[in-house]
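Structure file work_36.cif; described as mmCIF, N, CA and C atoms.
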```cif
data_entry
loop_
_atom_site.group_PDB
_atom_site.id
_atom_site.type_symbol
_atom_site.label_atom_id
_atom_site.label_comp_id
_atom_site.auth_asym_id
_atom_site.auth_seq_id
_atom_site.Cartn_x
_atom_site.Cartn_y
_atom_site.Cartn_z
ATOM 1 N N MET A 90 91.382 -27.027 102.172
ATOM 2 C CA MET A 90 90.481 -27.770 101.307
ATOM 3 C C MET A 90 90.901 -29.236 101.361
ATOM 4 N N THR A 91 89.952 -30.099 101.698
ATOM 5 C CA THR A 91 90.260 -31.529 101.772
ATOM 6 C C THR A 91 89.622 -32.342 100.659
ATOM 7 N N GLY A 92 88.649 -31.774 99.969
ATOM 8 C CA GLY A 92 87.982 -32.504 98.903
ATOM 9 C C GLY A 92 87.519 -31.597 97.792
ATOM 10 N N VAL A 93 87.461 -32.162 96.590
ATOM 11 C CA VAL A 93 86.996 -31.433 95.415
ATOM 12 C C VAL A 93 85.945 -32.289 94.719
ATOM 13 N N VAL A 94 84.800 -31.688 94.446
ATOM 14 C CA VAL A 94 83.753 -32.362 93.682
ATOM 15 C C VAL A 94 83.654 -31.640 92.348
ATOM 16 N N LEU A 95 84.118 -32.300 91.322
ATOM 17 C CA LEU A 95 84.100 -31.720 89.979
ATOM 18 C C LEU A 95 82.760 -32.016 89.310
ATOM 19 N N PRO A 96 82.210 -31.052 88.568
ATOM 20 C CA PRO A 96 80.923 -31.294 87.902
ATOM 21 C C PRO A 96 81.062 -32.338 86.802
ATOM 22 N N GLU A 97 79.972 -33.010 86.535
ATOM 23 C CA GLU A 97 79.966 -34.056 85.504
ATOM 24 C C GLU A 97 80.275 -33.508 84.106
ATOM 25 N N THR A 98 80.159 -32.212 83.916
ATOM 26 C CA THR A 98 80.377 -31.605 82.599
ATOM 27 C C THR A 98 81.802 -31.137 82.365
ATOM 28 N N ILE A 99 82.661 -31.209 83.370
ATOM 29 C CA ILE A 99 84.025 -30.691 83.219
ATOM 30 C C ILE A 99 84.831 -31.564 82.252
ATOM 31 N N GLU A 100 85.607 -30.907 81.403
ATOM 32 C CA GLU A 100 86.438 -31.621 80.438
ATOM 33 C C GLU A 100 87.916 -31.301 80.578
ATOM 34 N N PHE A 101 88.269 -30.212 81.275
ATOM 35 C CA PHE A 101 89.632 -29.709 81.242
ATOM 36 C C PHE A 101 90.054 -29.200 82.626
ATOM 37 N N ILE A 102 91.184 -29.687 83.120
ATOM 38 C CA ILE A 102 91.813 -29.149 84.330
ATOM 39 C C ILE A 102 93.167 -28.617 83.900
ATOM 40 N N ASP A 103 93.416 -27.353 84.121
ATOM 41 C CA ASP A 103 94.606 -26.690 83.601
ATOM 42 C C ASP A 103 95.863 -26.988 84.422
ATOM 43 N N TYR A 104 96.983 -26.589 83.864
ATOM 44 C CA TYR A 104 98.300 -26.722 84.479
ATOM 45 C C TYR A 104 98.284 -26.131 85.897
ATOM 46 N N GLY A 105 98.740 -26.899 86.861
ATOM 47 C CA GLY A 105 98.896 -26.420 88.223
ATOM 48 C C GLY A 105 97.618 -26.059 88.956
ATOM 49 N N ALA A 106 96.480 -26.512 88.489
ATOM 50 C CA ALA A 106 95.190 -26.098 89.060
ATOM 51 C C ALA A 106 95.090 -26.342 90.570
ATOM 52 N N PHE A 107 95.602 -27.444 91.049
ATOM 53 C CA PHE A 107 95.507 -27.773 92.468
ATOM 54 C C PHE A 107 96.882 -27.985 93.090
ATOM 55 N N ILE A 108 97.907 -27.449 92.478
ATOM 56 C CA ILE A 108 99.275 -27.632 92.951
ATOM 57 C C ILE A 108 99.407 -27.173 94.408
ATOM 58 N N GLU A 109 100.095 -27.984 95.175
ATOM 59 C CA GLU A 109 100.391 -27.715 96.584
ATOM 60 C C GLU A 109 99.152 -27.593 97.477
ATOM 61 N N CYS A 110 98.070 -28.256 97.107
ATOM 62 C CA CYS A 110 96.917 -28.347 98.012
ATOM 63 C C CYS A 110 97.230 -29.498 98.969
ATOM 64 N N GLU A 111 98.049 -29.207 99.951
ATOM 65 C CA GLU A 111 98.634 -30.242 100.796
ATOM 66 C C GLU A 111 97.627 -31.020 101.632
ATOM 67 N N TYR A 112 96.405 -30.506 101.818
ATOM 68 C CA TYR A 112 95.396 -31.200 102.610
ATOM 69 C C TYR A 112 94.348 -31.912 101.756
ATOM 70 N N LEU A 113 94.502 -31.851 100.442
ATOM 71 C CA LEU A 113 93.536 -32.457 99.530
ATOM 72 C C LEU A 113 93.595 -33.986 99.640
ATOM 73 N N GLU A 114 92.466 -34.584 100.033
ATOM 74 C CA GLU A 114 92.389 -36.033 100.225
ATOM 75 C C GLU A 114 91.536 -36.738 99.182
ATOM 76 N N ASN A 115 90.506 -36.054 98.659
ATOM 77 C CA ASN A 115 89.553 -36.701 97.752
ATOM 78 C C ASN A 115 89.252 -35.822 96.553
ATOM 79 N N VAL A 116 89.256 -36.450 95.393
ATOM 80 C CA VAL A 116 88.866 -35.779 94.149
ATOM 81 C C VAL A 116 88.063 -36.788 93.342
ATOM 82 N N ASN A 117 86.909 -36.340 92.840
ATOM 83 C CA ASN A 117 86.189 -37.200 91.903
ATOM 84 C C ASN A 117 86.627 -36.800 90.493
ATOM 85 N N PHE A 118 86.767 -37.749 89.630
ATOM 86 C CA PHE A 118 87.154 -37.487 88.244
ATOM 87 C C PHE A 118 86.032 -37.982 87.338
ATOM 88 N N PRO A 119 85.140 -37.059 86.881
ATOM 89 C CA PRO A 119 84.012 -37.471 86.041
ATOM 90 C C PRO A 119 84.479 -38.059 84.704
ATOM 91 N N GLN A 120 83.702 -38.975 84.164
ATOM 92 C CA GLN A 120 84.063 -39.627 82.904
ATOM 93 C C GLN A 120 84.177 -38.655 81.744
ATOM 94 N N SER A 121 83.583 -37.483 81.852
ATOM 95 C CA SER A 121 83.646 -36.483 80.781
ATOM 96 C C SER A 121 85.019 -35.821 80.672
ATOM 97 N N LEU A 122 85.874 -36.019 81.660
ATOM 98 C CA LEU A 122 87.175 -35.367 81.698
ATOM 99 C C LEU A 122 88.049 -35.832 80.535
ATOM 100 N N LYS A 123 88.615 -34.846 79.809
ATOM 101 C CA LYS A 123 89.433 -35.166 78.638
ATOM 102 C C LYS A 123 90.893 -34.743 78.782
ATOM 103 N N TYR A 124 91.184 -33.876 79.765
ATOM 104 C CA TYR A 124 92.556 -33.372 79.883
ATOM 105 C C TYR A 124 92.853 -32.956 81.315
ATOM 106 N N ILE A 125 93.977 -33.429 81.835
ATOM 107 C CA ILE A 125 94.522 -32.943 83.097
ATOM 108 C C ILE A 125 95.908 -32.412 82.788
ATOM 109 N N GLY A 126 96.117 -31.134 83.040
ATOM 110 C CA GLY A 126 97.370 -30.473 82.712
ATOM 111 C C GLY A 126 98.522 -30.879 83.617
ATOM 112 N N GLY A 127 99.718 -30.548 83.163
ATOM 113 C CA GLY A 127 100.934 -30.820 83.923
ATOM 114 C C GLY A 127 100.879 -30.199 85.302
ATOM 115 N N CYS A 128 101.406 -30.908 86.269
ATOM 116 C CA CYS A 128 101.494 -30.458 87.666
ATOM 117 C C CYS A 128 100.140 -30.079 88.267
ATOM 118 N N ALA A 129 99.049 -30.515 87.676
ATOM 119 C CA ALA A 129 97.717 -30.140 88.159
ATOM 120 C C ALA A 129 97.507 -30.530 89.615
ATOM 121 N N PHE A 130 98.042 -31.672 90.024
ATOM 122 C CA PHE A 130 97.893 -32.142 91.395
ATOM 123 C C PHE A 130 99.252 -32.372 92.056
ATOM 124 N N ALA A 131 100.270 -31.682 91.596
ATOM 125 C CA ALA A 131 101.616 -31.835 92.153
ATOM 126 C C ALA A 131 101.645 -31.377 93.604
ATOM 127 N N TYR A 132 102.377 -32.112 94.400
ATOM 128 C CA TYR A 132 102.560 -31.800 95.824
ATOM 129 C C TYR A 132 101.266 -31.849 96.627
ATOM 130 N N CYS A 133 100.311 -32.635 96.189
ATOM 131 C CA CYS A 133 99.088 -32.867 96.974
ATOM 132 C C CYS A 133 99.367 -34.087 97.848
ATOM 133 N N ASP A 134 100.124 -33.874 98.898
ATOM 134 C CA ASP A 134 100.657 -34.976 99.685
ATOM 135 C C ASP A 134 99.640 -35.711 100.550
ATOM 136 N N SER A 135 98.414 -35.220 100.668
ATOM 137 C CA SER A 135 97.393 -35.947 101.426
ATOM 138 C C SER A 135 96.606 -36.926 100.556
ATOM 139 N N LEU A 136 96.807 -36.872 99.244
ATOM 140 C CA LEU A 136 96.160 -37.858 98.370
ATOM 141 C C LEU A 136 96.792 -39.224 98.625
ATOM 142 N N LYS A 137 95.962 -40.209 98.922
ATOM 143 C CA LYS A 137 96.465 -41.557 99.168
ATOM 144 C C LYS A 137 96.011 -42.536 98.097
ATOM 145 N N GLU A 138 94.819 -42.297 97.565
ATOM 146 C CA GLU A 138 94.262 -43.164 96.521
ATOM 147 C C GLU A 138 93.578 -42.293 95.482
ATOM 148 N N ILE A 139 93.741 -42.675 94.223
ATOM 149 C CA ILE A 139 92.974 -42.022 93.165
ATOM 150 C C ILE A 139 92.419 -43.084 92.231
ATOM 151 N N SER A 140 91.225 -42.803 91.750
ATOM 152 C CA SER A 140 90.575 -43.670 90.785
ATOM 153 C C SER A 140 90.076 -42.786 89.649
ATOM 154 N N ILE A 141 90.608 -43.047 88.463
ATOM 155 C CA ILE A 141 90.246 -42.258 87.284
ATOM 156 C C ILE A 141 89.732 -43.215 86.213
ATOM 157 N N ASP A 142 88.466 -43.047 85.839
ATOM 158 C CA ASP A 142 87.868 -43.842 84.764
ATOM 159 C C ASP A 142 87.335 -42.865 83.727
ATOM 160 N N CYS A 143 88.255 -42.353 82.904
ATOM 161 C CA CYS A 143 87.943 -41.340 81.894
ATOM 162 C C CYS A 143 88.531 -41.819 80.561
ATOM 163 N N PRO A 144 87.772 -42.566 79.785
ATOM 164 C CA PRO A 144 88.294 -43.224 78.587
ATOM 165 C C PRO A 144 88.937 -42.305 77.552
ATOM 166 N N GLU A 145 88.577 -41.024 77.529
ATOM 167 C CA GLU A 145 89.137 -40.101 76.533
ATOM 168 C C GLU A 145 90.181 -39.158 77.132
ATOM 169 N N LEU A 146 90.644 -39.443 78.321
ATOM 170 C CA LEU A 146 91.525 -38.545 79.054
ATOM 171 C C LEU A 146 92.967 -38.584 78.566
ATOM 172 N N THR A 147 93.564 -37.397 78.488
ATOM 173 C CA THR A 147 95.005 -37.254 78.354
ATOM 174 C C THR A 147 95.512 -36.717 79.678
ATOM 175 N N LEU A 148 96.321 -37.493 80.336
ATOM 176 C CA LEU A 148 96.939 -37.107 81.594
ATOM 177 C C LEU A 148 98.335 -36.592 81.267
ATOM 178 N N SER A 149 98.557 -35.301 81.446
ATOM 179 C CA SER A 149 99.817 -34.675 81.056
ATOM 180 C C SER A 149 100.971 -35.101 81.958
ATOM 181 N N GLU A 150 102.164 -34.747 81.515
ATOM 182 C CA GLU A 150 103.350 -35.093 82.286
ATOM 183 C C GLU A 150 103.332 -34.419 83.660
ATOM 184 N N CYS A 151 103.831 -35.143 84.619
ATOM 185 C CA CYS A 151 103.977 -34.668 86.001
ATOM 186 C C CYS A 151 102.663 -34.265 86.663
ATOM 187 N N SER A 152 101.547 -34.748 86.198
ATOM 188 C CA SER A 152 100.241 -34.362 86.745
ATOM 189 C C SER A 152 100.121 -34.607 88.240
ATOM 190 N N PHE A 153 100.671 -35.712 88.718
ATOM 191 C CA PHE A 153 100.587 -36.051 90.138
ATOM 192 C C PHE A 153 101.982 -36.152 90.767
ATOM 193 N N SER A 154 102.929 -35.492 90.201
ATOM 194 C CA SER A 154 104.317 -35.595 90.646
ATOM 195 C C SER A 154 104.727 -34.395 91.474
ATOM 196 N N PRO A 155 105.291 -34.573 92.625
ATOM 197 C CA PRO A 155 105.210 -35.769 93.456
ATOM 198 C C PRO A 155 104.056 -35.681 94.443
ATOM 199 N N CYS A 156 103.361 -36.765 94.596
ATOM 200 C CA CYS A 156 102.358 -36.902 95.663
ATOM 201 C C CYS A 156 102.929 -37.990 96.566
ATOM 202 N N ARG A 157 103.629 -37.597 97.563
ATOM 203 C CA ARG A 157 104.483 -38.490 98.350
ATOM 204 C C ARG A 157 103.746 -39.547 99.168
ATOM 205 N N ASN A 158 102.452 -39.395 99.390
ATOM 206 C CA ASN A 158 101.708 -40.388 100.172
ATOM 207 C C ASN A 158 100.726 -41.192 99.336
ATOM 208 N N LEU A 159 100.758 -40.992 98.029
ATOM 209 C CA LEU A 159 99.878 -41.724 97.120
ATOM 210 C C LEU A 159 100.322 -43.186 97.072
ATOM 211 N N THR A 160 99.406 -44.093 97.446
ATOM 212 C CA THR A 160 99.752 -45.514 97.488
ATOM 213 C C THR A 160 99.053 -46.336 96.414
ATOM 214 N N ASP A 161 97.835 -45.921 96.017
ATOM 215 C CA ASP A 161 97.047 -46.726 95.088
ATOM 216 C C ASP A 161 96.488 -45.865 93.963
ATOM 217 N N VAL A 162 96.701 -46.338 92.724
ATOM 218 C CA VAL A 162 96.194 -45.634 91.545
ATOM 219 C C VAL A 162 95.471 -46.633 90.660
ATOM 220 N N SER A 163 94.253 -46.290 90.281
ATOM 221 C CA SER A 163 93.505 -47.038 89.286
ATOM 222 C C SER A 163 93.192 -46.044 88.176
ATOM 223 N N ILE A 164 93.677 -46.334 86.966
ATOM 224 C CA ILE A 164 93.516 -45.351 85.898
ATOM 225 C C ILE A 164 93.136 -46.004 84.579
ATOM 226 N N ASN A 165 92.045 -45.498 84.031
ATOM 227 C CA ASN A 165 91.596 -45.869 82.700
ATOM 228 C C ASN A 165 91.542 -44.566 81.912
ATOM 229 N N ALA A 166 92.498 -44.376 81.043
ATOM 230 C CA ALA A 166 92.629 -43.145 80.261
ATOM 231 C C ALA A 166 93.161 -43.504 78.879
ATOM 232 N N GLU A 167 93.192 -42.530 77.997
ATOM 233 C CA GLU A 167 93.727 -42.775 76.655
ATOM 234 C C GLU A 167 95.243 -42.593 76.633
ATOM 235 N N VAL A 168 95.737 -41.527 77.284
ATOM 236 C CA VAL A 168 97.165 -41.210 77.266
ATOM 237 C C VAL A 168 97.613 -40.869 78.680
ATOM 238 N N ILE A 169 98.727 -41.453 79.087
ATOM 239 C CA ILE A 169 99.363 -41.093 80.348
ATOM 240 C C ILE A 169 100.719 -40.496 80.001
ATOM 241 N N GLY A 170 100.893 -39.214 80.341
ATOM 242 C CA GLY A 170 102.117 -38.503 80.004
ATOM 243 C C GLY A 170 103.310 -38.968 80.819
ATOM 244 N N GLU A 171 104.498 -38.603 80.318
ATOM 245 C CA GLU A 171 105.743 -38.947 80.981
ATOM 246 C C GLU A 171 105.773 -38.399 82.402
ATOM 247 N N ARG A 172 106.320 -39.189 83.285
ATOM 248 C CA ARG A 172 106.535 -38.786 84.668
ATOM 249 C C ARG A 172 105.253 -38.355 85.383
ATOM 250 N N ALA A 173 104.113 -38.848 84.946
ATOM 251 C CA ALA A 173 102.832 -38.465 85.552
ATOM 252 C C ALA A 173 102.815 -38.743 87.055
ATOM 253 N N PHE A 174 103.524 -39.776 87.477
ATOM 254 C CA PHE A 174 103.564 -40.145 88.890
ATOM 255 C C PHE A 174 105.000 -40.179 89.420
ATOM 256 N N GLU A 175 105.849 -39.372 88.845
ATOM 257 C CA GLU A 175 107.256 -39.319 89.249
ATOM 258 C C GLU A 175 107.378 -38.901 90.716
ATOM 259 N N ASN A 176 108.276 -39.567 91.415
ATOM 260 C CA ASN A 176 108.556 -39.296 92.828
ATOM 261 C C ASN A 176 107.361 -39.517 93.751
ATOM 262 N N CYS A 177 106.437 -40.344 93.336
ATOM 263 C CA CYS A 177 105.363 -40.789 94.227
ATOM 264 C C CYS A 177 105.939 -41.995 94.972
ATOM 265 N N THR A 178 106.738 -41.718 95.972
ATOM 266 C CA THR A 178 107.585 -42.724 96.606
ATOM 267 C C THR A 178 106.819 -43.787 97.398
ATOM 268 N N ALA A 179 105.584 -43.530 97.772
ATOM 269 C CA ALA A 179 104.791 -44.512 98.524
ATOM 270 C C ALA A 179 103.939 -45.392 97.612
ATOM 271 N N LEU A 180 103.958 -45.134 96.314
ATOM 272 C CA LEU A 180 103.095 -45.842 95.373
ATOM 273 C C LEU A 180 103.373 -47.342 95.400
ATOM 274 N N GLU A 181 102.324 -48.122 95.688
ATOM 275 C CA GLU A 181 102.441 -49.571 95.795
ATOM 276 C C GLU A 181 101.660 -50.305 94.719
ATOM 277 N N ASN A 182 100.472 -49.783 94.367
ATOM 278 C CA ASN A 182 99.590 -50.486 93.442
ATOM 279 C C ASN A 182 99.114 -49.552 92.338
ATOM 280 N N VAL A 183 99.283 -50.011 91.098
ATOM 281 C CA VAL A 183 98.793 -49.263 89.940
ATOM 282 C C VAL A 183 98.015 -50.238 89.062
ATOM 283 N N THR A 184 96.773 -49.863 88.741
ATOM 284 C CA THR A 184 95.944 -50.681 87.867
ATOM 285 C C THR A 184 95.620 -49.855 86.627
ATOM 286 N N PHE A 185 95.942 -50.395 85.448
ATOM 287 C CA PHE A 185 95.687 -49.715 84.190
ATOM 288 C C PHE A 185 94.464 -50.313 83.504
ATOM 289 N N GLY A 186 93.643 -49.436 82.923
ATOM 290 C CA GLY A 186 92.483 -49.878 82.151
ATOM 291 C C GLY A 186 92.884 -50.276 80.750
ATOM 292 N N GLU A 187 91.906 -50.721 79.980
ATOM 293 C CA GLU A 187 92.158 -51.221 78.633
ATOM 294 C C GLU A 187 92.264 -50.124 77.586
ATOM 295 N N ASN A 188 91.851 -48.885 77.883
ATOM 296 C CA ASN A 188 91.835 -47.828 76.894
ATOM 297 C C ASN A 188 93.173 -47.151 76.654
ATOM 298 N N ILE A 189 94.170 -47.429 77.465
ATOM 299 C CA ILE A 189 95.441 -46.724 77.369
ATOM 300 C C ILE A 189 96.108 -47.049 76.046
ATOM 301 N N GLN A 190 96.403 -45.989 75.280
ATOM 302 C CA GLN A 190 97.059 -46.133 73.988
ATOM 303 C C GLN A 190 98.528 -45.734 74.044
ATOM 304 N N LYS A 191 98.856 -44.834 74.978
ATOM 305 C CA LYS A 191 100.233 -44.358 75.064
ATOM 306 C C LYS A 191 100.564 -44.072 76.516
ATOM 307 N N GLN A 192 101.741 -44.543 76.920
ATOM 308 C CA GLN A 192 102.231 -44.303 78.275
ATOM 309 C C GLN A 192 103.600 -43.665 78.210
#
```

Translate this structure into structure tokens?
Amino acid sequence: MTGVVLPETIEFIDYGAFIECEYLENVNFPQSLKYIGGCAFAYCDSLKEISIDCPELTLSECSFSPCRNLTDVSINAEVIGERAFENCTALENVTFGENIQKQ
């Protein structure tokens, strides 16, 4: 699987939902998304860029840890959990939106 198209109505991605999907390159994150569980995208080493514009989102701890080839993150969310991007060793650019209340 190289791509995931999430429906516009999705609000919840559970713990480990896409863990170790090593070929996953693209994921859309609809604005309706309110929760991404821990390790949901852990070890998705083909992810290089992610853009999340979900103003009510809680991104749990270790959600993208480690995605070793992730270089660019743009995130507008309400809460970013601890170690959400831990060991993302290639990460070069992170852009935070204005809605973030807790990091």

Name the residues that the PyMOL selection byres ((chain A and resi 189) around 6.5) picks from the file above, as a PyMOL selection string, using the file's chain letters and numbers. chain A and resi 165-169+186-188+190-192

Selection near Phe118 of chain A, 6.5 Å with all atoms listed in the file, sequence-local residues under 2 positions removed, as a list in words: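 Using all atoms listed in the file, the neighbours found are Leu95, Val116, Gln120, Ser121, Leu122, Ser140, Ile141 and Asp142 of chain A.
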
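When all atoms listed in the file are used to measure the gap to Ala129 of chain A, the shortest distance among A:Phe101, A:Tyr112, A:Phe107, A:Phe174 belongs to A:Phe107.
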
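Evaluating the PyMOL selection byres ((chain A and resi 130) around 6) against the shown model yields Gly105, Ala106, Phe107, Ile108, Glu109, Gly127, Cys128, Ala129, Ala131, Tyr132, Cys133, Ser152, Phe153 and Ser154 of chain A.
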
Could you please take those selected residues and save N, CA and C atoms as a compact mmCIF listing (two decimals), in the coordinates of the input?
```txt
# COMPACT_ATOMS: atom_id res chain seq x y z
N GLY A 105 98.74 -26.90 86.86
CA GLY A 105 98.90 -26.42 88.22
C GLY A 105 97.62 -26.06 88.96
N ALA A 106 96.48 -26.51 88.49
CA ALA A 106 95.19 -26.10 89.06
C ALA A 106 95.09 -26.34 90.57
N PHE A 107 95.60 -27.44 91.05
CA PHE A 107 95.51 -27.77 92.47
C PHE A 107 96.88 -27.98 93.09
N ILE A 108 97.91 -27.45 92.48
CA ILE A 108 99.28 -27.63 92.95
C ILE A 108 99.41 -27.17 94.41
N GLU A 109 100.10 -27.98 95.18
CA GLU A 109 100.39 -27.72 96.58
C GLU A 109 99.15 -27.59 97.48
N GLY A 127 99.72 -30.55 83.16
CA GLY A 127 100.93 -30.82 83.92
C GLY A 127 100.88 -30.20 85.30
N CYS A 128 101.41 -30.91 86.27
CA CYS A 128 101.49 -30.46 87.67
C CYS A 128 100.14 -30.08 88.27
N ALA A 129 99.05 -30.52 87.68
CA ALA A 129 97.72 -30.14 88.16
C ALA A 129 97.51 -30.53 89.62
N ALA A 131 100.27 -31.68 91.60
CA ALA A 131 101.62 -31.84 92.15
C ALA A 131 101.64 -31.38 93.60
N TYR A 132 102.38 -32.11 94.40
CA TYR A 132 102.56 -31.80 95.82
C TYR A 132 101.27 -31.85 96.63
N CYS A 133 100.31 -32.64 96.19
CA CYS A 133 99.09 -32.87 96.97
C CYS A 133 99.37 -34.09 97.85
N SER A 152 101.55 -34.75 86.20
CA SER A 152 100.24 -34.36 86.74
C SER A 152 100.12 -34.61 88.24
N PHE A 153 100.67 -35.71 88.72
CA PHE A 153 100.59 -36.05 90.14
C PHE A 153 101.98 -36.15 90.77
N SER A 154 102.93 -35.49 90.20
CA SER A 154 104.32 -35.60 90.65
C SER A 154 104.73 -34.40 91.47
```

Do a neighbour search on Thr147 of chain A at 5 Å with all atoms listed in the file, toss out local chain neighbours closer than 4 positions, and write the hits as a VMD selection string. chain A and resid 123 to 125 168

Check the smallest atom-to-atom distance from each of A:Cys177, A:Val94, A:Leu113, A:Asp161 to Ser135 of chain A using only N, CA and C atoms, then report the winner.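 Under the stated criterion, the closest residue is A:Leu113.
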
Given the PyMOL selection byres (((chain A and resi 162 and name CA) around 8) and name CA) and the file above, list the residues it selects as a PyMOL selection string. chain A and resi 138-140+159-161+163-164+180+182-184

Just the strand (DSSP E or B) stuff from segment 116-191 of chain A, please, per backbone DSSP, written as JSON, numbers by chain. {"A": [116, 124, 125, 138, 139, 140, 141, 142, 147, 148, 161, 162, 163, 164, 165, 168, 169, 182, 183, 184, 185, 191]}

Go through A:Cys156, A:Glu171, A:Leu148, A:Ala179 and flag the residue nearest Glu100 of chain A, using only C-alpha atoms for the distances. A:Leu148
